[in-house]
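What's in upload_23.tsv: TSV, C-alpha atoms
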chain	number	residue	atom	x	y	z
S	1	MET	CA	29.02	-6.62	-7.16
S	2	ASN	CA	30.10	-6.72	-3.57
S	3	ALA	CA	32.24	-9.85	-3.43
S	4	ASP	CA	32.38	-10.10	0.38
S	5	ASN	CA	28.67	-9.79	0.60
S	6	ARG	CA	28.13	-12.40	-2.06
S	7	ASN	CA	30.52	-14.81	-0.36
S	8	ALA	CA	28.84	-14.32	2.99
S	9	HIS	CA	25.45	-15.01	1.53
S	10	SER	CA	26.52	-17.96	-0.56
S	11	THR	CA	27.80	-19.46	2.70
S	12	VAL	CA	24.41	-18.86	4.25
S	13	ARG	CA	22.72	-20.40	1.28
S	14	GLN	CA	24.99	-23.42	1.50
S	15	ALA	CA	24.23	-23.80	5.18
S	16	VAL	CA	20.49	-23.59	4.65
S	17	VAL	CA	20.65	-25.99	1.73
S	18	ASP	CA	22.87	-28.43	3.58
S	19	GLU	CA	20.79	-28.48	6.70
S	20	GLY	CA	17.40	-27.12	5.85
S	21	PHE	CA	16.61	-28.55	2.48
S	22	ASP	CA	18.52	-31.77	2.61
S	23	HIS	CA	15.32	-33.63	1.78
S	24	LEU	CA	15.31	-31.89	-1.61
S	25	ALA	CA	18.71	-33.22	-2.54
S	26	ASP	CA	19.33	-36.73	-3.77
S	27	GLU	CA	18.34	-39.33	-1.24
S	28	GLN	CA	21.53	-39.80	0.68
S	29	ALA	CA	22.10	-41.37	4.05
S	30	PRO	CA	22.73	-38.59	6.59
S	31	ALA	CA	26.23	-38.38	8.02
S	32	PRO	CA	26.55	-39.68	11.59
S	33	ASP	CA	27.16	-36.22	13.05
S	34	GLU	CA	24.05	-34.92	11.24
S	35	THR	CA	21.95	-37.71	12.69
S	36	ALA	CA	23.29	-36.97	16.15
S	37	ARG	CA	22.59	-33.29	15.67
S	38	ALA	CA	19.03	-33.97	14.48
S	39	ARG	CA	18.44	-36.20	17.50
S	40	ASP	CA	19.84	-33.52	19.78
S	41	GLU	CA	17.61	-30.93	18.13
S	42	ASP	CA	14.54	-33.12	18.55
S	43	GLU	CA	15.41	-33.46	22.22
S	44	LEU	CA	15.68	-29.67	22.57
S	45	ILE	CA	12.29	-29.27	20.88
S	46	ARG	CA	10.72	-31.86	23.19
S	47	ARG	CA	12.10	-30.03	26.21
S	48	SER	CA	10.92	-26.69	24.84
S	49	LEU	CA	7.43	-28.11	24.46
S	50	THR	CA	7.41	-28.99	28.15
S	51	GLY	CA	8.20	-25.35	28.98
S	52	ASP	CA	11.99	-25.48	29.23
S	53	ASP	CA	12.96	-21.98	28.09
S	54	ASP	CA	16.69	-22.76	28.20
S	55	ALA	CA	16.21	-25.51	25.65
S	56	PHE	CA	14.40	-23.12	23.34
S	57	GLU	CA	17.10	-20.52	23.81
S	58	ALA	CA	19.66	-23.14	22.77
S	59	LEU	CA	17.64	-23.69	19.59
S	60	VAL	CA	17.49	-19.94	19.00
S	61	ARG	CA	21.24	-19.58	19.48
S	62	ARG	CA	21.84	-22.39	17.03
S	63	HIS	CA	19.58	-21.08	14.27
S	64	SER	CA	19.63	-17.31	14.73
S	65	PRO	CA	22.68	-16.66	12.49
S	66	ARG	CA	20.87	-18.18	9.54
S	67	VAL	CA	17.63	-16.41	10.32
S	68	PHE	CA	19.51	-13.13	10.55
S	69	SER	CA	21.26	-13.83	7.26
S	70	ILE	CA	18.00	-14.42	5.42
S	71	VAL	CA	16.44	-11.31	6.95
S	72	GLY	CA	19.62	-9.37	6.18
S	73	SER	CA	19.17	-10.11	2.49
S	74	PHE	CA	16.05	-7.97	2.49
S	75	PHE	CA	16.67	-5.30	5.09
S	76	ARG	CA	19.61	-3.13	6.08
S	77	ARG	CA	18.55	-1.61	9.37
S	78	ARG	CA	19.68	-3.41	12.49
S	79	ASP	CA	16.49	-2.65	14.44
S	80	VAL	CA	14.30	-4.02	11.64
S	81	ILE	CA	16.39	-7.19	11.42
S	82	ASP	CA	16.23	-7.64	15.21
S	83	ASP	CA	12.45	-7.13	15.22
S	84	ILE	CA	11.88	-9.67	12.47
S	85	GLY	CA	14.25	-12.11	14.14
S	86	GLN	CA	12.25	-11.83	17.36
S	87	GLU	CA	9.01	-12.24	15.49
S	88	VAL	CA	10.30	-15.37	13.77
S	89	PHE	CA	11.41	-17.07	16.98
S	90	ALA	CA	8.34	-15.98	18.92
S	91	LYS	CA	6.18	-17.46	16.18
S	92	ALA	CA	8.30	-20.62	16.18
S	93	TYR	CA	7.90	-20.88	19.96
S	94	PHE	CA	4.13	-20.54	19.90
S	95	SER	CA	3.73	-22.94	16.94
S	96	LEU	CA	6.24	-25.48	18.16
S	97	GLY	CA	3.37	-27.89	18.84
S	98	THR	CA	2.70	-28.10	15.10
S	99	PHE	CA	6.29	-29.05	14.25
S	100	THR	CA	6.79	-32.69	13.25
S	101	LEU	CA	9.69	-34.20	15.14
S	102	GLY	CA	12.27	-35.82	12.90
S	103	ARG	CA	11.90	-33.22	10.18
S	104	SER	CA	14.31	-30.36	9.62
S	105	PHE	CA	13.83	-27.61	12.17
S	106	GLU	CA	16.13	-25.42	10.07
S	107	ALA	CA	13.82	-25.63	7.05
S	108	TRP	CA	10.80	-24.95	9.23
S	109	VAL	CA	12.36	-21.83	10.73
S	110	ALA	CA	13.57	-20.70	7.29
S	111	LYS	CA	10.00	-20.90	6.03
S	112	ILE	CA	8.74	-18.81	8.97
S	113	THR	CA	11.56	-16.33	8.31
S	114	VAL	CA	10.75	-15.94	4.62
S	115	ASN	CA	7.08	-15.41	5.44
S	116	ALA	CA	7.94	-12.81	8.08
S	117	CYS	CA	10.13	-10.99	5.55
S	118	TYR	CA	7.31	-11.11	3.04
S	119	ASP	CA	4.87	-9.59	5.56
S	120	GLN	CA	7.39	-6.86	6.37
S	121	LEU	CA	7.98	-6.10	2.67
S	122	ARG	CA	4.24	-5.76	2.12
S	123	ALA	CA	3.83	-3.39	5.07
S	124	GLN	CA	6.89	-1.41	3.98
S	125	ARG	CA	5.60	-1.13	0.43
S	126	ARG	CA	2.34	0.36	1.63
S	127	ARG	CA	4.19	2.92	3.74
S	128	ILE	CA	6.55	3.80	0.88
S	129	GLU	CA	3.66	4.26	-1.55
S	130	GLN	CA	2.10	6.76	0.81
S	131	GLN	CA	5.38	8.50	1.58
S	132	TRP	CA	6.68	8.86	-1.97
S	133	ALA	CA	3.42	9.37	-3.78
S	134	HIS	CA	4.07	13.09	-4.28
S	135	GLU	CA	7.64	12.94	-5.49
S	136	THR	CA	8.18	13.94	-9.06
S	137	GLN	CA	9.72	11.99	-11.88
S	138	LYS	CA	12.56	14.50	-11.98
S	139	GLU	CA	13.56	13.76	-8.40
S	140	ASP	CA	13.33	10.08	-9.15
S	141	GLU	CA	15.74	10.38	-12.06
S	142	TRP	CA	18.12	12.45	-9.99
S	143	PHE	CA	18.20	9.80	-7.28
S	144	GLU	CA	18.73	7.05	-9.80
S	145	LEU	CA	21.57	8.92	-11.40
S	146	GLN	CA	23.27	9.27	-8.04
S	147	MET	CA	22.99	5.56	-7.55
S	148	PHE	CA	24.40	4.98	-10.98
S	149	GLU	CA	27.48	6.93	-10.03
S	150	VAL	CA	27.86	5.34	-6.62
S	151	ALA	CA	27.41	1.84	-7.97
S	152	HIS	CA	30.43	2.39	-10.19
S	153	GLU	CA	32.64	3.66	-7.41
S	154	ARG	CA	34.27	0.89	-5.45
S	155	HIS	CA	35.55	3.13	-2.70
S	156	ALA	CA	32.62	5.44	-2.26
S	157	SER	CA	32.32	7.17	1.10
S	158	ALA	CA	30.03	5.72	3.75
S	159	GLU	CA	27.63	8.59	3.25
S	160	ARG	CA	27.44	7.98	-0.48
S	161	GLN	CA	27.00	4.28	0.12
S	162	ARG	CA	24.09	5.07	2.43
S	163	ASP	CA	22.56	7.27	-0.25
S	164	ALA	CA	23.05	4.56	-2.81
S	165	ALA	CA	21.44	2.03	-0.49
S	166	GLU	CA	18.46	4.30	-0.07
S	167	ILE	CA	18.10	4.64	-3.82
S	168	ALA	CA	18.48	0.90	-4.32
S	169	GLU	CA	15.73	0.46	-1.76
S	170	ARG	CA	13.53	2.84	-3.73
S	171	LEU	CA	14.22	0.95	-6.93
S	172	LEU	CA	13.41	-2.38	-5.32
S	173	ALA	CA	10.31	-0.87	-3.75
S	174	LYS	CA	8.92	-0.65	-7.27
S	175	LEU	CA	8.71	-4.43	-7.29
S	176	ASP	CA	5.79	-6.35	-5.90
S	177	PRO	CA	6.75	-7.84	-2.52
S	178	GLU	CA	6.33	-11.33	-3.98
S	179	ASP	CA	8.58	-10.49	-6.95
S	180	ARG	CA	11.17	-8.92	-4.70
S	181	LEU	CA	11.22	-11.86	-2.33
S	182	VAL	CA	11.82	-14.29	-5.18
S	183	VAL	CA	14.45	-12.27	-7.04
S	184	VAL	CA	16.47	-11.64	-3.88
S	185	LEU	CA	16.42	-15.30	-2.87
S	186	ILE	CA	17.31	-16.56	-6.35
S	187	ASP	CA	19.57	-13.89	-7.85
S	188	ARG	CA	21.26	-12.64	-4.71
S	189	ASP	CA	21.34	-15.57	-2.31
S	190	GLY	CA	21.59	-18.24	-5.00
S	191	PHE	CA	18.65	-20.44	-3.98
S	192	SER	CA	17.11	-22.60	-6.69
S	193	VAL	CA	13.51	-22.27	-7.85
S	194	LYS	CA	12.68	-25.49	-6.06
S	195	GLU	CA	14.17	-24.28	-2.79
S	196	VAL	CA	12.33	-20.96	-2.99
S	197	SER	CA	9.15	-22.84	-3.77
S	198	GLU	CA	9.66	-24.92	-0.61
S	199	MET	CA	10.39	-21.87	1.52
S	200	THR	CA	7.48	-19.78	0.33
S	201	GLY	CA	4.94	-22.52	-0.23
S	202	TRP	CA	4.27	-21.20	-3.74
S	203	GLY	CA	4.32	-23.38	-6.84
S	204	GLN	CA	7.49	-23.52	-8.94
S	205	SER	CA	5.72	-21.90	-11.91
S	206	LYS	CA	4.69	-19.00	-9.74
S	207	VAL	CA	8.24	-18.60	-8.48
S	208	LYS	CA	9.59	-18.61	-12.06
S	209	VAL	CA	7.00	-16.08	-13.22
S	210	ARG	CA	7.73	-13.82	-10.25
S	211	ALA	CA	11.47	-13.97	-10.88
S	212	PHE	CA	10.98	-13.21	-14.56
S	213	ARG	CA	8.73	-10.24	-13.80
S	214	ALA	CA	11.09	-8.86	-11.18
S	215	ARG	CA	14.10	-9.09	-13.52
S	216	ARG	CA	12.16	-7.39	-16.29
S	217	VAL	CA	11.12	-4.50	-14.04
S	218	LEU	CA	14.63	-4.13	-12.63
S	219	ARG	CA	16.20	-4.26	-16.09
S	220	ALA	CA	13.85	-1.54	-17.33
S	221	ALA	CA	14.68	0.63	-14.31
S	222	MET	CA	18.41	0.14	-14.84
S	223	LYS	CA	18.16	0.85	-18.55
S	224	ARG	CA	16.44	4.12	-17.77
S	225	LEU	CA	19.15	4.87	-15.23
S	226	VAL	CA	22.00	4.16	-17.64
S	227	LEU	CA	20.43	6.15	-20.45
S	228	SER	CA	19.70	9.13	-18.20
S	229	GLY	CA	23.30	8.94	-16.94
S	230	GLU	CA	24.59	9.02	-20.50
S	231	ARG	CA	22.30	11.93	-21.35
S	232	MET	CA	23.59	13.83	-18.35
S	233	GLN	CA	27.21	13.19	-19.35
S	234	ARG	CA	26.55	14.37	-22.91
S	235	SER	CA	24.92	17.57	-21.70
S	236	LYS	CA	27.87	18.22	-19.34
S	237	ARG	CA	30.33	17.91	-22.25
S	238	LYS	CA	28.35	20.46	-24.26
Y	1	MET	CA	27.49	-16.19	-39.10
Y	2	SER	CA	30.35	-18.58	-38.34
Y	3	ASN	CA	32.86	-15.79	-38.94
Y	4	GLU	CA	30.88	-13.60	-36.62
Y	5	LEU	CA	30.84	-16.34	-34.00
Y	6	SER	CA	34.56	-16.88	-34.21
Y	7	GLU	CA	35.14	-13.16	-33.93
Y	8	LEU	CA	32.98	-12.97	-30.82
Y	9	GLY	CA	34.63	-15.87	-29.04
Y	10	LYS	CA	32.56	-18.70	-30.59
Y	11	ILE	CA	29.46	-18.06	-28.56
Y	12	THR	CA	26.10	-16.57	-29.51
Y	13	CYS	CA	24.68	-13.51	-27.82
Y	14	ARG	CA	21.86	-15.64	-26.44
Y	15	GLN	CA	24.31	-18.07	-24.84
Y	16	ALA	CA	26.42	-15.22	-23.51
Y	17	ARG	CA	23.45	-13.48	-21.90
Y	18	LYS	CA	22.42	-16.68	-20.17
Y	19	ARG	CA	25.89	-16.91	-18.64
Y	20	LEU	CA	26.38	-13.30	-17.57
Y	21	ALA	CA	26.38	-14.32	-13.90
Y	22	ASP	CA	29.46	-16.51	-14.50
Y	23	LEU	CA	31.36	-13.87	-16.41
Y	24	ASP	CA	34.24	-13.62	-13.93
Y	25	GLY	CA	35.14	-17.26	-14.25
Y	26	ASP	CA	34.25	-17.72	-17.91
Y	27	SER	CA	36.79	-16.29	-20.31
Y	28	VAL	CA	34.69	-17.12	-23.40
Y	29	VAL	CA	31.75	-15.09	-22.12
Y	30	LYS	CA	34.11	-12.34	-21.01
Y	31	ARG	CA	35.65	-12.11	-24.49
Y	32	HIS	CA	32.22	-12.07	-26.05
Y	33	VAL	CA	30.95	-9.31	-23.75
Y	34	GLU	CA	34.06	-7.23	-24.45
Y	35	SER	CA	33.67	-7.56	-28.20
Y	36	CYS	CA	29.85	-7.31	-28.52
Y	37	SER	CA	28.46	-3.89	-27.68
Y	38	ARG	CA	24.90	-5.13	-27.13
Y	39	CYS	CA	25.98	-7.86	-24.76
Y	40	GLY	CA	28.27	-5.34	-23.09
Y	41	PHE	CA	25.28	-3.13	-22.43
Y	42	GLU	CA	23.29	-6.12	-21.13
Y	43	TYR	CA	26.15	-6.96	-18.78
Y	44	ARG	CA	26.18	-3.39	-17.53
Y	45	LEU	CA	22.46	-3.60	-16.74
Y	46	PHE	CA	22.99	-6.97	-15.09
Y	47	ARG	CA	25.75	-5.58	-12.86
Y	48	LEU	CA	23.56	-2.66	-11.82
Y	49	GLN	CA	20.70	-4.99	-10.94
Y	50	ARG	CA	23.01	-7.04	-8.74
Y	51	ALA	CA	24.39	-3.84	-7.21
Y	52	ALA	CA	20.87	-2.73	-6.32
Y	53	LEU	CA	20.11	-6.10	-4.70
Y	54	ASP	CA	23.35	-5.95	-2.71
Y	55	LEU	CA	22.95	-2.32	-1.69
Y	56	ALA	CA	19.44	-2.91	-0.35
Y	57	ALA	CA	20.67	-5.74	1.87
Y	58	THR	CA	22.66	-5.42	5.05
Y	59	PRO	CA	26.37	-4.84	4.23
Y	60	GLU	CA	27.65	-7.39	6.71
Y	61	LEU	CA	26.23	-10.44	8.44
Y	62	ILE	CA	24.58	-9.40	11.67
Y	63	ALA	CA	24.75	-11.70	14.66
Y	64	PRO	CA	22.18	-11.51	17.45
Y	65	ASP	CA	23.47	-9.90	20.65
Y	66	GLU	CA	22.48	-10.56	24.26
Y	67	TYR	CA	19.86	-7.82	24.11
Y	68	PHE	CA	18.13	-9.80	21.35
Y	69	PHE	CA	17.81	-12.87	23.57
Y	70	LYS	CA	16.53	-10.77	26.50
Y	71	ALA	CA	13.97	-9.08	24.28
Y	72	LEU	CA	12.91	-12.41	22.83
Y	73	ARG	CA	12.37	-13.88	26.30
Y	74	ALA	CA	10.28	-10.84	27.23
Y	75	ARG	CA	8.27	-11.15	24.09
Y	76	ILE	CA	7.60	-14.84	24.63
Y	77	ALA	CA	6.57	-14.07	28.20
Y	78	ARG	CA	3.96	-11.63	26.87
Y	79	GLY	CA	2.30	-14.48	25.01
Y	80	PRO	CA	1.17	-14.74	21.41
Y	81	GLU	CA	0.32	-11.43	19.81
Y	82	LEU	CA	-0.44	-9.92	16.45
Y	83	SER	CA	2.69	-9.74	14.32
Y	84	PRO	CA	4.18	-6.22	14.35
Y	85	SER	CA	4.10	-5.93	10.60
Y	86	ARG	CA	0.34	-6.32	10.69
Y	87	ALA	CA	-0.13	-4.28	13.84
Y	88	GLU	CA	1.93	-1.46	12.39
Y	89	GLU	CA	-0.43	-1.10	9.48
Y	90	SER	CA	-2.38	1.99	10.32
Y	91	TRP	CA	-6.11	2.32	9.91
Y	92	ALA	CA	-5.47	4.87	7.20
Y	93	ALA	CA	-3.36	2.39	5.24
Y	94	ALA	CA	-5.97	-0.30	5.68
Y	95	LEU	CA	-8.68	2.07	4.50
Y	96	LEU	CA	-6.59	3.13	1.52
Y	97	LEU	CA	-6.04	-0.47	0.53
Y	98	THR	CA	-9.71	-1.32	0.98
Y	99	ALA	CA	-10.71	1.74	-1.02
Y	100	ARG	CA	-8.34	0.77	-3.83
Y	101	GLN	CA	-9.71	-2.74	-3.91
Y	102	LEU	CA	-13.26	-1.39	-3.92
Y	103	VAL	CA	-12.76	1.01	-6.83
Y	104	PRO	CA	-13.84	-1.46	-9.57
Y	105	ALA	CA	-16.85	-2.57	-7.53
Y	106	MET	CA	-17.83	1.06	-6.90
Y	107	ALA	CA	-17.47	1.86	-10.61
Y	108	VAL	CA	-19.80	-1.00	-11.57
Y	109	LEU	CA	-22.29	0.06	-8.90
Y	110	LEU	CA	-22.23	3.66	-10.16
Y	111	LEU	CA	-22.84	2.46	-13.72
Y	112	VAL	CA	-25.83	0.41	-12.61
Y	113	ILE	CA	-27.29	3.38	-10.69
Y	114	LEU	CA	-26.83	5.71	-13.68
Y	115	SER	CA	-28.42	3.24	-16.08
Y	116	ALA	CA	-31.36	2.71	-13.74
Y	117	THR	CA	-31.84	6.49	-13.38
Y	118	LEU	CA	-31.81	7.00	-17.14
Y	119	LEU	CA	-34.30	4.22	-17.69
Y	120	TRP	CA	-36.55	5.54	-14.95
Y	121	ASN	CA	-36.60	9.05	-16.44
Y	122	GLN	CA	-37.62	7.89	-19.92
Y	123	PRO	CA	-41.22	9.06	-20.88
Y	124	ARG	CA	-43.66	6.30	-20.06
Y	125	ALA	CA	-46.08	4.96	-22.62
Y	126	SER	CA	-49.67	6.29	-22.17
Y	127	THR	CA	-51.88	4.22	-19.92
Y	128	THR	CA	-54.43	3.58	-22.62
Y	129	GLN	CA	-51.83	2.15	-24.97
Y	130	VAL	CA	-50.31	0.07	-22.24
Y	131	ALA	CA	-53.73	-1.16	-21.19
Y	132	ILE	CA	-54.66	-2.28	-24.69
Y	133	ARG	CA	-54.33	-5.96	-25.19
Y	134	PRO	CA	-52.30	-6.98	-28.26
Y	135	ARG	CA	-55.35	-8.51	-29.98
Y	136	GLU	CA	-57.32	-5.27	-29.72
Y	137	ARG	CA	-54.35	-3.31	-31.01
Y	138	VAL	CA	-54.30	-5.46	-34.15
Y	139	MET	CA	-58.04	-5.22	-34.77
Y	140	PHE	CA	-58.47	-1.50	-34.04
Y	141	SER	CA	-54.99	-0.31	-34.75
Y	142	ASP	CA	-56.06	2.83	-36.67
Y	143	MET	CA	-58.59	3.75	-34.02
Y	144	TYR	CA	-55.99	4.15	-31.35
Y	145	ASP	CA	-53.50	5.95	-33.54
Y	146	TYR	CA	-55.77	9.00	-33.88
Y	147	PRO	CA	-56.33	11.59	-31.18
Y	148	ALA	CA	-59.36	11.20	-28.91
Y	149	PRO	CA	-62.63	12.63	-30.46
Y	150	THR	CA	-63.64	16.09	-29.33
Y	151	GLN	CA	-67.16	17.16	-28.28
Y	152	ASP	CA	-67.74	18.67	-31.77
Y	153	ASP	CA	-66.76	15.39	-33.44
Y	154	VAL	CA	-69.32	13.57	-31.31
Y	155	LEU	CA	-72.05	16.11	-32.14
Y	156	GLU	CA	-71.22	15.91	-35.86
Y	157	THR	CA	-71.44	12.15	-35.74
Y	158	LEU	CA	-74.80	12.27	-33.93
Y	159	VAL	CA	-76.16	14.77	-36.49
Y	160	ALA	CA	-74.97	12.55	-39.35
Y	161	VAL	CA	-76.65	9.47	-37.82
Y	162	GLU	CA	-79.92	11.37	-37.28
Y	163	GLU	CA	-79.94	12.65	-40.90
Y	164	LYS	CA	-79.33	9.14	-42.16
Y	165	GLN	CA	-82.24	7.84	-40.11
Y	166	ASN	CA	-84.49	10.63	-41.45
Y	167	GLY	CA	-83.60	9.56	-44.97
Y	168	LYS	CA	-81.61	12.61	-45.98
Before anything else, please render the file you have as structure tokens.
Amino acid sequence: MNADNRNAHSTVRQAVVDEGFDHLADEQAPAPDETARARDEDELIRRSLTGDDDAFEALVRRHSPRVFSIVGSFFRRRDVIDDIGQEVFAKAYFSLGTFTLGRSFEAWVAKITVNACYDQLRAQRRRIEQQWAHETQKEDEWFELQMFEVAHERHASAERQRDAAEIAERLLAKLDPEDRLVVVLIDRDGFSVKEVSEMTGWGQSKVKVRAFRARRVLRAAMKRLVLSGERMQRSKRK
Amino acid sequence: MSNELSELGKITCRQARKRLADLDGDSVVKRHVESCSRCGFEYRLFRLQRAALDLAATPELIAPDEYFFKALRARIARGPELSPSRAEESWAAALLLTARQLVPAMAVLLLVILSATLLWNQPRASTTQVAIRPRERVMFSDMYDYPAPTQDDVLETLVAVEEKQNGK
């Protein structure tokens, strides 16, 4: 596991939990600086609603690192992450009238972000199905074997890492977008079932079922990968 | 069982598998995974799953640059629009999806059409039989089961009646 990556994302998770989902935690009185920040944020939202673009930009600058972190959990390409980030804030801008002042803007934006990622995953899945429909099982196994090797090399070259990322993407593309969304948020970013349920708007049972299904599919894919790797090694020895 | 447990670090395989994520900081689980081949294999699969999740994500945290803010301003200035993910979906993709969703409905429709065609092509019952009311069919059942009388039959019958009347 990439330790730096994990640390970076656990920080993100902590930030979102601390600020976005504070209402899910035990009822605690907010710290004075949090209250001041919330008041300041409400003021920025009020000004944005009157057409003050600078106020909205201040909100974007404040929340964009977290939005980018969530999007970055699902996508690698910079242009895709930028596009989704823009989509999230544009949607937030045009729906700002529906936001309830006094509630967590962070949680609201996180919800929009997760939904935007979900939409993108669905669109991507359709494209991938069309693109890879003609590839054979043999090619698939070859790709997976490459990933198997790369995943075990800590200091793999950038090119090999790119290849491995592509293969990981192909493996994850086998998951339903809903399953993928849940497993990434829970197993990678460390969100709880309750938090994911809040972000997606799905029931907790659905989130649990999706996570279970995703893990089962991934485990089966990895088992196949490991076994084919072992087969390949045995045949090389002979 | 207890011997086995003590050998494997006093933890069951079930407990160990639940705690695979904490392996680095949990020496008991680590010992168990090292000594139990099945749990070792499970840990290997677990690591690969995590590797796949990490590899598919961006390797480092990306921060928005000034171009992002410019582009966002331009986008907001354009007004609300269809989200790109939906707009990007081509007509072909939409048609493919619709077609896939319609497959079961089309299959049922085809079955109904085939059944209707088969039923339609079955030989129809003769008009006379259809026209007969059930009561008549009971009373003169044998009459309608025979073929229609020919001209000779009629003549024979007439001759027989005439002979009877003449006392023969």
(request) For segment 62-68 of chain S, list every protein, DNA or RNA residue within 7 Å, evaluated using all atoms listed in the file, and leave out those in the same chain fewer than 3 positions away; present the list as a list of chain:residue names. (result) S:Val12, S:Ala58, S:Leu59, S:Val71, S:Gly72, S:Ile81, S:Gly85, S:Glu106, S:Ala110, S:Thr113, Y:Ile62, Y:Ala63, Y:Pro64
Generate the output file for the selected residues, C-alpha atoms, as a tab-separated table (two decimals), in the coordinates of the input.
chain	number	residue	atom	x	y	z
S	12	VAL	CA	24.41	-18.86	4.25
S	58	ALA	CA	19.66	-23.14	22.77
S	59	LEU	CA	17.64	-23.69	19.59
S	71	VAL	CA	16.44	-11.31	6.95
S	72	GLY	CA	19.62	-9.37	6.18
S	81	ILE	CA	16.39	-7.19	11.42
S	85	GLY	CA	14.25	-12.11	14.14
S	106	GLU	CA	16.13	-25.42	10.07
S	110	ALA	CA	13.57	-20.70	7.29
S	113	THR	CA	11.56	-16.33	8.31
Y	62	ILE	CA	24.58	-9.40	11.67
Y	63	ALA	CA	24.75	-11.70	14.66
Y	64	PRO	CA	22.18	-11.51	17.45
(message) Under the rule that all atoms listed in the file are counted, which of S:Lys174, S:Arg180, S:Arg237, S:Arg76 is the nearest residue to chain Y?
(response)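 Smallest distance to chain Y is found for S:Arg76.
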(message) Taking all atoms listed in the file into account and nothing else, which residues of chain S lie no more than 6 Å away from chain Y? Please answer as a PyMOL selection string.
(response) chain S and resi 1+65+72-76+86+90+120+165+168-169+222
(message) Which residues are close to segment 32-40 of chain Y, i.e. within 9 Å by all atoms listed in the file, leaving aside same-chain residues fewer than 2 positions away? Reply as an NGL selection string.
(response) :Y and (7-14 or 16-17 or 20 or 23 or 27-30 or 42-45)
(message) Just the number, please: distance in Å from atom CA of Arg127 of chain S to atom CA of Val182 of chain S, one decimal.
(response) 20.8 Å
(request) For the point (6.9, -15.7, -6.4) in the file's frame, write as a list in words all residues with an atom no more than 6 Å away, counting only C-alpha atoms. (result)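 Answer for this query, in the requested form: Glu178, Asp179, Val182, Lys206, Val207 and Arg210 of chain S.
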For the residues selected in the previous step, produce a file with C-alpha atoms as a PDB file, in the coordinates of the input.
ATOM      1  CA  GLU S 178       6.330 -11.330  -3.980  1.00  0.00           C
ATOM      2  CA  ASP S 179       8.580 -10.490  -6.950  1.00  0.00           C
ATOM      3  CA  VAL S 182      11.820 -14.290  -5.180  1.00  0.00           C
ATOM      4  CA  LYS S 206       4.690 -19.000  -9.740  1.00  0.00           C
ATOM      5  CA  VAL S 207       8.240 -18.600  -8.480  1.00  0.00           C
ATOM      6  CA  ARG S 210       7.730 -13.820 -10.250  1.00  0.00           C
TER       7      ARG S 210
END
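Among the candidate residues S:Leu185, S:Ile70, S:Ile167, S:Leu227, the one lying nearest to Ala116 of chain S is S:Ile70, with distances computed using all atoms listed in the file.
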(request) List every protein, DNA or RNA residue that has an atom no more than 12 Å from (9.4, -10.2, -11.1) in the file's coordinate frame, counting only C-alpha atoms, and report them as a PyMOL selection string. (result) chain S and resi 172-187+206-220
(request) Find the distance between atom CA of Tyr118 of chain S and atom CA of Ile84 of chain S and write it in Å to one decimal. (result)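 Computing the Euclidean distance for atom CA of Tyr118 of chain S and atom CA of Ile84 of chain S yields 10.6 Å.
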(request) Would you work out the distance separating atom CA of Ala164 of chain S from atom CA of Ser228 of chain S, expressed in Å to one decimal? (result) 16.4 Å
